[in-house]
Amino acid sequence: MPALAQERLPSTEQAVLEKQNSYCLTLFESYELEKAINYCLTEANRGDIQAAEILARIYSTKGNMLNYAKAFEWALISSERGSLNSQALLGLLYLRGDGTEKNTDKAQHYIQLAINNGNKGAIKLRKLMKRAGLWRKRT
């Protein structure tokens with residue numbers, strides 16, 4: 001096999017990680033939320049960014065699973081690990097004061113961070129903050 005082809009093949013460890021990630025996502029997308037929480041908790045505690053992001057999404061949007069304090073906790077963890085979706089979610093949680101103290105400066109920080117990292121949805125949050133007079137120019 002040519003060297004380039006070998007480089008593109010995932011390692012065994014990477015293949016296992018991708019399978020775990022996809023199972024966590026599959027459970028979430030199929031609305032098996034209790035199973036998703038149990039499975040994703042294990043993976044998130046092992047450092048899986050996507051699993052932590054999924055937990056933040058479940059706890060911030062899913063009916064009887066709604067728990068803004070947990071959503072904030074997992075959004076903060078996955079944001080620190082580089083999740084641009086969680087950066088935008090953190091901005092929204094700070095903006096509304098859900099799961100944390102309301103803080104428009106921190107909301108702006110995380111929304112701008114998400115925008116800088118390519119999250120297009122965060123642009124809408126910035127527009128909403130600007131319309132409400134909450135967005136401050138930084139010097």
# chains A, B, ... in the order shown; residues from 1 in each chain; ligands from 1
$ select_by_dssp --residues "region 7-106 of chain A" --states "helix (DSSP H, G or I)" --output "JSON, numbers by chain"
{"A": [7, 8, 12, 13, 14, 15, 16, 17, 18, 19, 20, 21, 22, 23, 24, 25, 26, 27, 28, 29, 33, 34, 35, 36, 37, 38, 39, 40, 41, 42, 43, 44, 45, 49, 50, 51, 52, 53, 54, 55, 56, 57, 58, 59, 60, 61, 63, 64, 65, 68, 69, 70, 71, 72, 73, 74, 75, 76, 77, 78, 79, 80, 84, 85, 86, 87, 88, 89, 90, 91, 92, 93, 94, 95, 96, 104, 105, 106]}
$ residues_around --residues "Tyr59 (chain A)" --least-positions-apart "6" --cutoff "10 Å" --atoms "only C-alpha atoms" --output "JSON, numbers by chain"
{"A": [33, 37, 65, 66, 67, 68, 69, 70, 71, 72, 73, 74, 75]}
$ residues_around --residues "region 50-58 of chain A" --least-positions-apart "4" --cutoff "10 Å" --atoms "only C-alpha atoms" --output "PyMOL selection string"
chain A and resi 20-25+28-29+31+33-34+36-46+62-79+81-87+89-90
$ write_last_selection --atoms "N, CA and C atoms" --output "compact mmCIF listing (two decimals), in the first residue's frame"
# COMPACT_ATOMS: atom_id res chain seq x y z
N GLN A 20 -17.17 5.37 19.08
CA GLN A 20 -17.78 5.81 20.32
C GLN A 20 -18.50 7.13 20.13
N ASN A 21 -17.86 8.08 19.45
CA ASN A 21 -18.47 9.37 19.19
C ASN A 21 -19.75 9.21 18.41
N SER A 22 -19.73 8.37 17.39
CA SER A 22 -20.91 8.22 16.56
C SER A 22 -22.04 7.54 17.34
N TYR A 23 -21.72 6.65 18.29
CA TYR A 23 -22.77 6.01 19.08
C TYR A 23 -23.42 7.02 20.01
N CYS A 24 -22.63 7.88 20.63
CA CYS A 24 -23.16 8.93 21.49
C CYS A 24 -24.08 9.84 20.67
N LEU A 25 -23.64 10.24 19.50
CA LEU A 25 -24.43 11.10 18.63
C LEU A 25 -25.68 10.38 18.14
N PHE A 28 -28.28 10.41 20.81
CA PHE A 28 -28.84 11.76 20.92
C PHE A 28 -29.82 12.03 19.79
N GLU A 29 -29.40 11.74 18.56
CA GLU A 29 -30.24 12.03 17.40
C GLU A 29 -31.49 11.16 17.34
N TYR A 31 -33.18 10.42 19.96
CA TYR A 31 -33.94 10.84 21.15
C TYR A 31 -33.97 9.79 22.26
N LEU A 33 -32.57 9.75 25.04
CA LEU A 33 -31.80 10.71 25.82
C LEU A 33 -31.22 10.15 27.11
N GLU A 34 -31.94 9.29 27.79
CA GLU A 34 -31.39 8.71 29.02
C GLU A 34 -30.17 7.86 28.70
N ALA A 36 -28.33 8.22 26.03
CA ALA A 36 -27.32 9.15 25.54
C ALA A 36 -26.58 9.80 26.71
N ILE A 37 -27.34 10.21 27.73
CA ILE A 37 -26.71 10.83 28.89
C ILE A 37 -25.75 9.85 29.55
N ASN A 38 -26.20 8.63 29.80
CA ASN A 38 -25.34 7.64 30.45
C ASN A 38 -24.08 7.36 29.64
N TYR A 39 -24.25 7.16 28.35
CA TYR A 39 -23.11 6.84 27.50
C TYR A 39 -22.19 8.04 27.34
N CYS A 40 -22.79 9.20 27.07
CA CYS A 40 -21.99 10.40 26.84
C CYS A 40 -21.25 10.85 28.09
N LEU A 41 -21.84 10.64 29.27
CA LEU A 41 -21.15 10.99 30.51
C LEU A 41 -19.82 10.25 30.64
N THR A 42 -19.87 8.97 30.35
CA THR A 42 -18.65 8.16 30.41
C THR A 42 -17.61 8.70 29.44
N GLU A 43 -18.05 8.96 28.22
CA GLU A 43 -17.11 9.43 27.19
C GLU A 43 -16.61 10.84 27.48
N ALA A 44 -17.50 11.72 27.94
CA ALA A 44 -17.10 13.09 28.26
C ALA A 44 -16.10 13.11 29.40
N ASN A 45 -16.30 12.26 30.38
CA ASN A 45 -15.36 12.20 31.50
C ASN A 45 -14.00 11.64 31.09
N ARG A 46 -13.96 10.98 29.94
CA ARG A 46 -12.68 10.50 29.38
C ARG A 46 -12.03 11.55 28.49
N LYS A 62 -33.73 19.92 26.16
CA LYS A 62 -34.56 18.73 26.03
C LYS A 62 -35.56 18.51 27.17
N GLY A 63 -36.66 19.22 27.14
CA GLY A 63 -37.81 18.99 28.00
C GLY A 63 -37.53 18.55 29.42
N ASN A 64 -37.89 17.30 29.73
CA ASN A 64 -37.73 16.82 31.11
C ASN A 64 -36.26 16.61 31.48
N MET A 65 -35.35 16.72 30.54
CA MET A 65 -33.92 16.63 30.83
C MET A 65 -33.32 18.02 31.09
N LEU A 66 -34.13 19.05 30.94
CA LEU A 66 -33.66 20.42 31.07
C LEU A 66 -33.03 20.67 32.44
N ASN A 67 -31.78 21.11 32.40
CA ASN A 67 -31.06 21.43 33.63
C ASN A 67 -29.95 22.41 33.24
N TYR A 68 -30.25 23.69 33.40
CA TYR A 68 -29.31 24.71 32.93
C TYR A 68 -27.98 24.69 33.66
N ALA A 69 -27.98 24.31 34.93
CA ALA A 69 -26.70 24.24 35.66
C ALA A 69 -25.79 23.18 35.04
N LYS A 70 -26.35 22.03 34.70
CA LYS A 70 -25.55 20.98 34.05
C LYS A 70 -25.19 21.39 32.62
N ALA A 71 -26.12 22.05 31.94
CA ALA A 71 -25.82 22.53 30.58
C ALA A 71 -24.63 23.48 30.62
N PHE A 72 -24.65 24.39 31.59
CA PHE A 72 -23.55 25.34 31.72
C PHE A 72 -22.23 24.61 32.01
N GLU A 73 -22.28 23.66 32.93
CA GLU A 73 -21.09 22.91 33.30
C GLU A 73 -20.46 22.21 32.09
N TRP A 74 -21.29 21.50 31.31
CA TRP A 74 -20.77 20.76 30.16
C TRP A 74 -20.40 21.69 29.01
N ALA A 75 -21.11 22.80 28.85
CA ALA A 75 -20.74 23.77 27.81
C ALA A 75 -19.39 24.39 28.13
N LEU A 76 -19.15 24.68 29.40
CA LEU A 76 -17.87 25.26 29.80
C LEU A 76 -16.73 24.26 29.55
N ILE A 77 -16.95 23.01 29.91
CA ILE A 77 -15.93 21.98 29.70
C ILE A 77 -15.63 21.80 28.22
N SER A 78 -16.67 21.64 27.41
CA SER A 78 -16.43 21.40 25.99
C SER A 78 -15.93 22.65 25.29
N SER A 79 -16.33 23.83 25.76
CA SER A 79 -15.80 25.07 25.20
C SER A 79 -14.30 25.18 25.45
N ARG A 81 -12.32 22.84 25.72
CA ARG A 81 -11.67 21.82 24.89
C ARG A 81 -11.74 22.16 23.41
N GLY A 82 -12.41 23.30 23.06
CA GLY A 82 -12.40 23.76 21.68
C GLY A 82 -13.71 23.66 20.93
N SER A 83 -14.80 23.31 21.57
CA SER A 83 -16.08 23.19 20.87
C SER A 83 -16.67 24.57 20.58
N LEU A 84 -16.71 24.94 19.30
CA LEU A 84 -17.25 26.25 18.96
C LEU A 84 -18.75 26.32 19.16
N ASN A 85 -19.46 25.18 19.07
CA ASN A 85 -20.90 25.18 19.37
C ASN A 85 -21.13 25.47 20.84
N SER A 86 -20.30 24.92 21.69
CA SER A 86 -20.44 25.16 23.13
C SER A 86 -20.03 26.58 23.49
N GLN A 87 -19.11 27.16 22.74
CA GLN A 87 -18.75 28.55 22.97
C GLN A 87 -19.97 29.45 22.74
N LEU A 89 -23.14 28.44 22.85
CA LEU A 89 -24.12 28.10 23.88
C LEU A 89 -23.77 28.80 25.20
N LEU A 90 -22.50 28.82 25.56
CA LEU A 90 -22.08 29.52 26.77
C LEU A 90 -22.45 30.99 26.69
$ closest_residue --among "A:Asp105, A:Gly99, A:Ala88, A:Arg131" --to "Gly118 (chain A)" --atoms "only C-alpha atoms"
A:Ala88
$ atom_distance --atom1 "CA of Thr61 (chain A)" --atom2 "CA of Gly133 (chain A)"
26.1 Å
$ residues_around --residues "Ala107 (chain A)" --least-positions-apart "3" --cutoff "9 Å" --atoms "only C-alpha atoms" --output "PyMOL selection string"
chain A and resi 88+90-96+102-104+110-112
$ residues_around --residues "Trp135 (chain A)" --least-positions-apart "3" --cutoff "9 Å" --atoms "only C-alpha atoms" --output "number ranges by chain"
A: 104-105, 108, 126-132
$ write_last_selection --atoms "C-alpha atoms" --output "mmCIF file, in the first residue's frame"
data_model
loop_
_atom_site.group_PDB
_atom_site.id
_atom_site.type_symbol
_atom_site.label_atom_id
_atom_site.label_comp_id
_atom_site.auth_asym_id
_atom_site.auth_seq_id
_atom_site.Cartn_x
_atom_site.Cartn_y
_atom_site.Cartn_z
ATOM 1 C CA THR A 104 -23.319 40.314 29.179
ATOM 2 C CA ASP A 105 -19.540 40.820 29.080
ATOM 3 C CA GLN A 108 -20.104 38.777 24.373
ATOM 4 C CA ARG A 126 -24.331 38.985 18.177
ATOM 5 C CA LYS A 127 -27.010 40.682 16.044
ATOM 6 C CA LEU A 128 -29.590 40.111 18.781
ATOM 7 C CA MET A 129 -27.274 41.603 21.384
ATOM 8 C CA LYS A 130 -26.568 44.597 19.142
ATOM 9 C CA ARG A 131 -30.288 45.220 18.552
ATOM 10 C CA ALA A 132 -30.870 45.098 22.300
#
